[in-house]
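Dumped upload-v5.pdb below, it's PDB, C-alpha atoms and all ligand atoms:
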```pdb
ATOM      1  CA  MET A   1       6.396   6.955 -15.573  1.00  0.00           C
ATOM      2  CA  LEU A   2       6.903   3.215 -15.257  1.00  0.00           C
ATOM      3  CA  ASP A   3       6.915   2.779 -19.051  1.00  0.00           C
ATOM      4  CA  HIS A   4       9.632   5.418 -19.236  1.00  0.00           C
ATOM      5  CA  CYS A   5      11.686   3.664 -16.536  1.00  0.00           C
ATOM      6  CA  ALA A   6      11.379   0.333 -18.347  1.00  0.00           C
ATOM      7  CA  ARG A   7      12.364   1.873 -21.699  1.00  0.00           C
ATOM      8  CA  GLU A   8      15.350   3.733 -20.294  1.00  0.00           C
ATOM      9  CA  GLY A   9      16.580   0.971 -17.983  1.00  0.00           C
ATOM     10  CA  LEU A  10      15.921   2.970 -14.826  1.00  0.00           C
ATOM     11  CA  ALA A  11      15.009   1.500 -11.450  1.00  0.00           C
ATOM     12  CA  ALA A  12      11.680   2.843 -10.149  1.00  0.00           C
ATOM     13  CA  ILE A  13      11.444   3.179  -6.376  1.00  0.00           C
ATOM     14  CA  PRO A  14       8.099   4.219  -4.851  1.00  0.00           C
ATOM     15  CA  PHE A  15       8.306   6.697  -1.966  1.00  0.00           C
ATOM     16  CA  GLY A  16       5.364   6.684   0.446  1.00  0.00           C
ATOM     17  CA  GLY A  17       6.111   8.376   3.769  1.00  0.00           C
ATOM     18  CA  GLY A  18       9.826   7.582   3.651  1.00  0.00           C
ATOM     19  CA  SER A  19       9.781   6.090   7.159  1.00  0.00           C
ATOM     20  CA  SER A  20      11.428   2.827   6.093  1.00  0.00           C
ATOM     21  CA  VAL A  21      14.057   1.751   8.590  1.00  0.00           C
ATOM     22  CA  VAL A  22      15.652  -0.798   6.290  1.00  0.00           C
ATOM     23  CA  GLY A  23      16.718   1.383   3.374  1.00  0.00           C
ATOM     24  CA  GLY A  24      13.629   0.633   1.278  1.00  0.00           C
ATOM     25  CA  VAL A  25      13.523   4.093  -0.302  1.00  0.00           C
ATOM     26  CA  GLU A  26      17.249   4.550  -0.716  1.00  0.00           C
ATOM     27  CA  THR A  27      18.668   4.613  -4.205  1.00  0.00           C
ATOM     28  CA  ARG A  28      21.216   1.868  -3.762  1.00  0.00           C
ATOM     29  CA  ILE A  29      20.568  -0.563  -6.599  1.00  0.00           C
ATOM     30  CA  ASP A  30      22.058  -3.762  -7.909  1.00  0.00           C
ATOM     31  CA  GLY A  31      22.096  -4.880 -11.514  1.00  0.00           C
ATOM     32  CA  ASP A  32      22.416  -3.055 -14.806  1.00  0.00           C
ATOM     33  CA  TYR A  33      20.131  -0.087 -14.204  1.00  0.00           C
ATOM     34  CA  ARG A  34      21.262   3.196 -15.762  1.00  0.00           C
ATOM     35  CA  GLY A  35      19.834   5.213 -12.920  1.00  0.00           C
ATOM     36  CA  VAL A  36      17.039   5.533 -10.382  1.00  0.00           C
ATOM     37  CA  VAL A  37      13.719   7.331 -10.355  1.00  0.00           C
ATOM     38  CA  THR A  38      12.097   7.949  -6.990  1.00  0.00           C
ATOM     39  CA  ILE A  39       8.328   8.156  -7.364  1.00  0.00           C
ATOM     40  CA  ASP A  40       6.724  10.352  -4.704  1.00  0.00           C
ATOM     41  CA  LEU A  41       3.175   9.079  -4.138  1.00  0.00           C
ATOM     42  CA  GLY A  42       2.205  11.962  -1.843  1.00  0.00           C
ATOM     43  CA  ARG A  43      -0.450  13.334  -4.212  1.00  0.00           C
ATOM     44  CA  MET A  44      -2.240   9.991  -4.429  1.00  0.00           C
ATOM     45  CA  ALA A  45      -3.907  10.706  -1.129  1.00  0.00           C
ATOM     46  CA  ARG A  46      -7.635  10.304  -1.623  1.00  0.00           C
ATOM     47  CA  VAL A  47     -10.270   7.925  -0.361  1.00  0.00           C
ATOM     48  CA  LEU A  48     -12.064   7.290  -3.659  1.00  0.00           C
ATOM     49  CA  GLU A  49     -15.060   5.191  -2.675  1.00  0.00           C
ATOM     50  CA  ILE A  50     -16.712   4.043   0.501  1.00  0.00           C
ATOM     51  CA  ASP A  51     -19.088   1.109   0.772  1.00  0.00           C
ATOM     52  CA  ARG A  52     -20.688   1.811   4.143  1.00  0.00           C
ATOM     53  CA  ALA A  53     -22.645  -1.467   4.217  1.00  0.00           C
ATOM     54  CA  SER A  54     -19.513  -3.590   3.672  1.00  0.00           C
ATOM     55  CA  ARG A  55     -17.336  -1.221   5.677  1.00  0.00           C
ATOM     56  CA  ALA A  56     -14.900  -1.200   2.754  1.00  0.00           C
ATOM     57  CA  ALA A  57     -13.117   1.661   1.026  1.00  0.00           C
ATOM     58  CA  ARG A  58     -11.059   2.127  -2.126  1.00  0.00           C
ATOM     59  CA  ILE A  59      -8.078   4.264  -1.216  1.00  0.00           C
ATOM     60  CA  GLU A  60      -5.089   5.680  -3.069  1.00  0.00           C
ATOM     61  CA  ALA A  61      -1.753   4.304  -1.909  1.00  0.00           C
ATOM     62  CA  GLY A  62       0.049   7.529  -1.049  1.00  0.00           C
ATOM     63  CA  VAL A  63      -2.230   8.743   1.734  1.00  0.00           C
ATOM     64  CA  LEU A  64      -0.569   9.199   5.121  1.00  0.00           C
ATOM     65  CA  GLY A  65      -2.209   7.858   8.283  1.00  0.00           C
ATOM     66  CA  PRO A  66      -3.840  11.060   9.647  1.00  0.00           C
ATOM     67  CA  ALA A  67      -5.215  12.141   6.248  1.00  0.00           C
ATOM     68  CA  LEU A  68      -6.646   8.674   5.748  1.00  0.00           C
ATOM     69  CA  GLU A  69      -8.403   8.698   9.115  1.00  0.00           C
ATOM     70  CA  ASP A  70      -9.650  12.274   8.478  1.00  0.00           C
ATOM     71  CA  GLN A  71     -11.400  11.073   5.317  1.00  0.00           C
ATOM     72  CA  LEU A  72     -12.921   7.972   6.931  1.00  0.00           C
ATOM     73  CA  ARG A  73     -14.110   9.672  10.134  1.00  0.00           C
ATOM     74  CA  PRO A  74     -17.065  11.571   8.613  1.00  0.00           C
ATOM     75  CA  HIS A  75     -18.435   8.184   7.507  1.00  0.00           C
ATOM     76  CA  GLY A  76     -18.129   6.765  11.003  1.00  0.00           C
ATOM     77  CA  LEU A  77     -15.282   4.511   9.920  1.00  0.00           C
ATOM     78  CA  THR A  78     -11.650   3.935  10.850  1.00  0.00           C
ATOM     79  CA  LEU A  79      -8.959   1.724   9.312  1.00  0.00           C
ATOM     80  CA  ARG A  80      -7.739   1.176  12.866  1.00  0.00           C
ATOM     81  CA  HIS A  81      -4.158   0.624  11.750  1.00  0.00           C
ATOM     82  CA  PHE A  82      -1.832   2.553  14.020  1.00  0.00           C
ATOM     83  CA  PRO A  83       1.878   1.841  13.628  1.00  0.00           C
ATOM     84  CA  GLN A  84       4.157   4.028  15.708  1.00  0.00           C
ATOM     85  CA  SER A  85       5.050   5.815  12.466  1.00  0.00           C
ATOM     86  CA  PHE A  86       1.334   6.470  11.780  1.00  0.00           C
ATOM     87  CA  GLU A  87       1.729  10.205  11.107  1.00  0.00           C
ATOM     88  CA  PHE A  88       4.621   9.779   8.697  1.00  0.00           C
ATOM     89  CA  SER A  89       3.851   6.583   6.786  1.00  0.00           C
ATOM     90  CA  SER A  90       1.453   5.760   3.963  1.00  0.00           C
ATOM     91  CA  LEU A  91      -1.105   3.116   3.120  1.00  0.00           C
ATOM     92  CA  GLY A  92       1.035   1.837   0.212  1.00  0.00           C
ATOM     93  CA  GLY A  93       4.105   1.708   2.434  1.00  0.00           C
ATOM     94  CA  TRP A  94       2.175  -0.193   5.091  1.00  0.00           C
ATOM     95  CA  ILE A  95       1.051  -2.792   2.580  1.00  0.00           C
ATOM     96  CA  ALA A  96       4.446  -3.072   0.855  1.00  0.00           C
ATOM     97  CA  THR A  97       6.169  -3.636   4.198  1.00  0.00           C
ATOM     98  CA  ARG A  98       3.308  -5.544   5.842  1.00  0.00           C
ATOM     99  CA  SER A  99       3.379  -3.237   8.802  1.00  0.00           C
ATOM    100  CA  GLY A 100       2.079  -3.911  12.283  1.00  0.00           C
ATOM    101  CA  GLY A 101      -0.049  -1.377  14.131  1.00  0.00           C
ATOM    102  CA  HIS A 102       1.296  -1.688  17.619  1.00  0.00           C
ATOM    103  CA  PHE A 103      -1.005   1.030  18.986  1.00  0.00           C
ATOM    104  CA  ALA A 104      -4.109  -1.130  18.513  1.00  0.00           C
ATOM    105  CA  THR A 105      -5.307  -4.404  19.955  1.00  0.00           C
ATOM    106  CA  ARG A 106      -6.410  -7.678  18.378  1.00  0.00           C
ATOM    107  CA  TYR A 107      -6.175  -7.208  14.591  1.00  0.00           C
ATOM    108  CA  THR A 108      -3.052  -5.105  14.235  1.00  0.00           C
ATOM    109  CA  HIS A 109      -1.447  -5.997  10.920  1.00  0.00           C
ATOM    110  CA  ILE A 110      -2.306  -4.237   7.692  1.00  0.00           C
ATOM    111  CA  ASP A 111      -2.740  -7.674   6.121  1.00  0.00           C
ATOM    112  CA  ASP A 112      -5.929  -8.060   8.140  1.00  0.00           C
ATOM    113  CA  PHE A 113      -7.495  -5.073   6.415  1.00  0.00           C
ATOM    114  CA  VAL A 114      -6.536  -5.559   2.760  1.00  0.00           C
ATOM    115  CA  GLU A 115      -9.381  -6.906   0.688  1.00  0.00           C
ATOM    116  CA  ALA A 116      -8.036  -6.232  -2.805  1.00  0.00           C
ATOM    117  CA  LEU A 117      -5.052  -4.586  -4.462  1.00  0.00           C
ATOM    118  CA  ARG A 118      -4.263  -3.046  -7.795  1.00  0.00           C
ATOM    119  CA  VAL A 119      -0.521  -3.399  -8.390  1.00  0.00           C
ATOM    120  CA  VAL A 120       1.357  -1.616 -11.164  1.00  0.00           C
ATOM    121  CA  THR A 121       4.933  -2.537 -12.136  1.00  0.00           C
ATOM    122  CA  PRO A 122       7.006  -1.627 -15.210  1.00  0.00           C
ATOM    123  CA  SER A 123       5.881  -4.863 -16.856  1.00  0.00           C
ATOM    124  CA  VAL A 124       2.510  -5.670 -15.289  1.00  0.00           C
ATOM    125  CA  SER A 125      -0.631  -3.791 -14.357  1.00  0.00           C
ATOM    126  CA  SER A 126      -2.860  -6.141 -12.430  1.00  0.00           C
ATOM    127  CA  PRO A 127      -6.604  -5.656 -12.398  1.00  0.00           C
ATOM    128  CA  ARG A 128      -7.981  -5.010  -8.947  1.00  0.00           C
ATOM    129  CA  GLY A 129      -8.488  -8.433  -7.423  1.00  0.00           C
ATOM    130  CA  ALA A 130      -9.278 -10.053  -4.150  1.00  0.00           C
ATOM    131  CA  CYS A 131      -6.130 -10.933  -2.237  1.00  0.00           C
ATOM    132  CA  PRO A 132      -6.462 -13.794   0.211  1.00  0.00           C
ATOM    133  CA  VAL A 133      -4.184 -13.287   3.184  1.00  0.00           C
ATOM    134  CA  ARG A 134      -1.867 -15.788   4.823  1.00  0.00           C
ATOM    135  CA  ALA A 135       0.679 -15.291   7.576  1.00  0.00           C
ATOM    136  CA  PRO A 136       3.269 -13.646   5.263  1.00  0.00           C
ATOM    137  CA  GLY A 137       0.716 -11.112   3.992  1.00  0.00           C
ATOM    138  CA  PRO A 138      -1.400 -10.478   0.897  1.00  0.00           C
ATOM    139  CA  ARG A 139      -0.371 -12.862  -1.872  1.00  0.00           C
ATOM    140  CA  PRO A 140      -0.294 -11.450  -5.402  1.00  0.00           C
ATOM    141  CA  THR A 141      -0.055 -14.965  -6.837  1.00  0.00           C
ATOM    142  CA  ALA A 142      -3.238 -15.939  -5.054  1.00  0.00           C
ATOM    143  CA  CYS A 143      -4.933 -12.864  -6.558  1.00  0.00           C
ATOM    144  CA  SER A 144      -4.405 -14.250 -10.042  1.00  0.00           C
ATOM    145  CA  ALA A 145      -5.460 -17.719  -8.927  1.00  0.00           C
ATOM    146  CA  ALA A 146      -8.674 -16.208  -7.585  1.00  0.00           C
ATOM    147  CA  ARG A 147      -9.260 -14.440 -10.908  1.00  0.00           C
ATOM    148  CA  ARG A 148      -8.709 -17.666 -12.813  1.00  0.00           C
ATOM    149  CA  ALA A 149     -11.143 -19.445 -10.530  1.00  0.00           C
ATOM    150  CA  ARG A 150     -13.774 -16.765 -11.109  1.00  0.00           C
ATOM    151  CA  SER A 151     -13.461 -16.865 -14.874  1.00  0.00           C
ATOM    152  CA  ALA A 152     -13.481 -20.692 -15.063  1.00  0.00           C
TER
HETATM  153  C1  LIG A 201       9.697   6.090  14.329  1.00  0.00           C
HETATM  154  C2  LIG A 201       9.249   4.893  13.500  1.00  0.00           C
HETATM  155  C3  LIG A 201       8.275   4.068  13.998  1.00  0.00           C
HETATM  156  C4  LIG A 201       7.866   2.944  13.263  1.00  0.00           C
HETATM  157  N1  LIG A 201       6.872   2.143  13.771  1.00  0.00           N
HETATM  158  C5  LIG A 201       6.467   1.071  13.071  1.00  0.00           C
HETATM  159  C6  LIG A 201       5.420   0.229  13.582  1.00  0.00           C
HETATM  160  O1  LIG A 201       4.847   0.477  14.633  1.00  0.00           O
HETATM  161  N2  LIG A 201       5.065  -0.849  12.830  1.00  0.00           N
HETATM  162  C7  LIG A 201       5.670  -1.122  11.660  1.00  0.00           C
HETATM  163  O2  LIG A 201       5.314  -2.133  11.030  1.00  0.00           O
HETATM  164  N3  LIG A 201       6.651  -0.354  11.151  1.00  0.00           N
HETATM  165  C8  LIG A 201       7.048   0.735  11.817  1.00  0.00           C
HETATM  166  N4  LIG A 201       8.032   1.546  11.297  1.00  0.00           N
HETATM  167  C9  LIG A 201       8.580   1.253   9.966  1.00  0.00           C
HETATM  168  C10 LIG A 201       7.830   1.998   8.823  1.00  0.00           C
HETATM  169  O3  LIG A 201       7.109   3.076   9.316  1.00  0.00           O
HETATM  170  C11 LIG A 201       6.851   1.045   8.158  1.00  0.00           C
HETATM  171  O4  LIG A 201       7.585   0.057   7.460  1.00  0.00           O
HETATM  172  C12 LIG A 201       5.879   1.715   7.184  1.00  0.00           C
HETATM  173  O5  LIG A 201       4.963   0.723   6.734  1.00  0.00           O
HETATM  174  C13 LIG A 201       6.540   2.316   5.963  1.00  0.00           C
HETATM  175  O6  LIG A 201       5.587   3.117   5.288  1.00  0.00           O
HETATM  176  P1  LIG A 201       6.054   4.361   4.409  1.00  0.00           P
HETATM  177  O7  LIG A 201       4.845   4.921   3.737  1.00  0.00           O
HETATM  178  O8  LIG A 201       6.879   5.300   5.217  1.00  0.00           O
HETATM  179  O9  LIG A 201       6.948   3.611   3.333  1.00  0.00           O
HETATM  180  P2  LIG A 201       8.310   4.103   2.674  1.00  0.00           P
HETATM  181  O10 LIG A 201       9.385   4.228   3.716  1.00  0.00           O
HETATM  182  O11 LIG A 201       8.059   5.277   1.816  1.00  0.00           O
HETATM  183  O12 LIG A 201       8.592   2.824   1.765  1.00  0.00           O
HETATM  184  C14 LIG A 201       8.857   1.546   2.342  1.00  0.00           C
HETATM  185  C15 LIG A 201       9.018   0.529   1.193  1.00  0.00           C
HETATM  186  O13 LIG A 201       7.760   0.344   0.550  1.00  0.00           O
HETATM  187  C16 LIG A 201       7.838   0.731  -0.820  1.00  0.00           C
HETATM  188  N5  LIG A 201       6.592   1.421  -1.132  1.00  0.00           N
HETATM  189  C17 LIG A 201       6.094   2.537  -0.532  1.00  0.00           C
HETATM  190  N6  LIG A 201       4.922   2.878  -1.050  1.00  0.00           N
HETATM  191  C18 LIG A 201       4.655   1.958  -2.018  1.00  0.00           C
HETATM  192  C19 LIG A 201       3.583   1.776  -2.934  1.00  0.00           C
HETATM  193  N7  LIG A 201       2.527   2.611  -2.962  1.00  0.00           N
HETATM  194  N8  LIG A 201       3.643   0.732  -3.781  1.00  0.00           N
HETATM  195  C20 LIG A 201       4.693  -0.117  -3.772  1.00  0.00           C
HETATM  196  N9  LIG A 201       5.741  -0.002  -2.935  1.00  0.00           N
HETATM  197  C21 LIG A 201       5.718   1.024  -2.063  1.00  0.00           C
HETATM  198  C22 LIG A 201       9.069   1.640  -0.922  1.00  0.00           C
HETATM  199  O14 LIG A 201       9.641   1.623  -2.202  1.00  0.00           O
HETATM  200  C23 LIG A 201       9.985   0.998   0.112  1.00  0.00           C
HETATM  201  O15 LIG A 201      10.636  -0.126  -0.417  1.00  0.00           O
HETATM  202  C24 LIG A 201       8.473   2.660  12.026  1.00  0.00           C
HETATM  203  C25 LIG A 201       9.449   3.532  11.499  1.00  0.00           C
HETATM  204  C26 LIG A 201       9.844   4.630  12.244  1.00  0.00           C
HETATM  205  C27 LIG A 201      10.900   5.537  11.667  1.00  0.00           C
END
```
Show this structure as structure tokens.
Ligand SMILES: Cc1cc2nc3c(=O)[nH]c(=O)nc-3n(C[C@H](O)[C@H](O)[C@H](O)COP(=O)(O)OP(=O)(O)OC[C@H]3O[C@@H](n4cnc5c(N)ncnc54)[C@H](O)[C@@H]3O)c2cc1C
Amino acid sequence: MLDHCAREGLAAIPFGGGSSVVGGVETRIDGDYRGVVTIDLGRMARVLEIDRASRAARIEAGVLGPALEDQLRPHGLTLRHFPQSFEFSSLGGWIATRSGGHFATRYTHIDDFVEALRVVTPSVSSPRGACPVRAPGPRPTACSAARRARSA
């Protein structure tokens, strides 16, 4: 899909839960794009792996809050990220917007829970790498720095 968008000069806009309040999923675009493709991630909704000992999970980006918790619960786990839009927003949307879970205490931002990301764009597909977190959120540039450090 992203290859097609790049070839045809189309803007690709991911759609998670669509709860953005700042127009993030709207098809208003700047630049020389010939059109827009909205990519609905709703079917990428699975928890793929769980590492019970590390309390870590590999999860597809399109899963909405309740479905995510339903899949973690049988393992005695919770992501414990509860924005007010919990029912209608997705893991990928939370990470892209660096959301805050105001219905929890102490660690409330999604940044606190992201250990690694795999990011795909029309020009780049990053391997899954550790993403150190700073105040502004997970840093893709630091992911590559970490990879370089590991391979050195
Ligand atoms: C009633 C209500 C309550 C809310 N409460 C909160 C709250 O408590 N805390 C808070 O932080 N926010 C809140 N929000 C804002 C919104 O819910 C969050 O920003 C949420 O993180 C968006 O997730 P989403 O899945 O709906 O993303 P979408 O609206 O689908 O997308 C948001 C942006 O992220 C991009 N995106 C989505 N998925 C991906 C992906 N997989 N990969 C790359 N980019 C992606 C989209 O292209 C878009 O630019 C609230 C909104 C509403 C309407």
Practice item. Report the distance between atom CA of A:Ser85 and atom CA of A:Val120 in Å, rounded to one decimal place. Key: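 According to the coordinates, atom CA of A:Ser85 and atom CA of A:Val120 are separated by 25.0 Å.
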Exercise for review: Could you please give me, as a PyMOL selection string, the residues of protein, DNA or RNA lying at most 9 Å from (-14.7, 4.7, -3.9) in the coordinate frame of the file, considering only C-alpha atoms?
Suggested key: chain A and resi 47-51+56-59
Point to revise | Neighbour list for A:Asp32 as a PyMOL selection string, cut-off 10 Å, only C-alpha atoms, skip fewer than 5 positions in-chain | key: chain A and resi 9-11
Just the selected residues (C-alpha atoms), exported as a PDB file, in the coordinates of the input, please.
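The resulting file, selection.pdb, is reproduced below:
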```pdb
ATOM      1  CA  GLY A   9      16.580   0.971 -17.983  1.00  0.00           C
ATOM      2  CA  LEU A  10      15.921   2.970 -14.826  1.00  0.00           C
ATOM      3  CA  ALA A  11      15.009   1.500 -11.450  1.00  0.00           C
TER       4      ALA A  11
END
```
Point to revise | Selection as a count of residues only: residues within 8 Å of ligand LIG 201 (chain A) by all atoms listed in the file | key: 39
Residues near A:Ala53, cut-off 12 Å, all atoms listed in the file, skip fewer than 4 positions along chain, as a compact mmCIF listing (two decimals) with C-alpha atoms, in the coordinates of the input:
```
# COMPACT_ATOMS: atom_id res chain seq x y z
CA ALA A 57 -13.12 1.66 1.03
CA HIS A 75 -18.43 8.18 7.51
CA GLY A 76 -18.13 6.76 11.00
CA LEU A 77 -15.28 4.51 9.92
```
Practice item. Just give me the gap between atom CA of A:Asp3 and atom CA of A:Pro122 in Å, one decimal is fine. Key: 5.8 Å
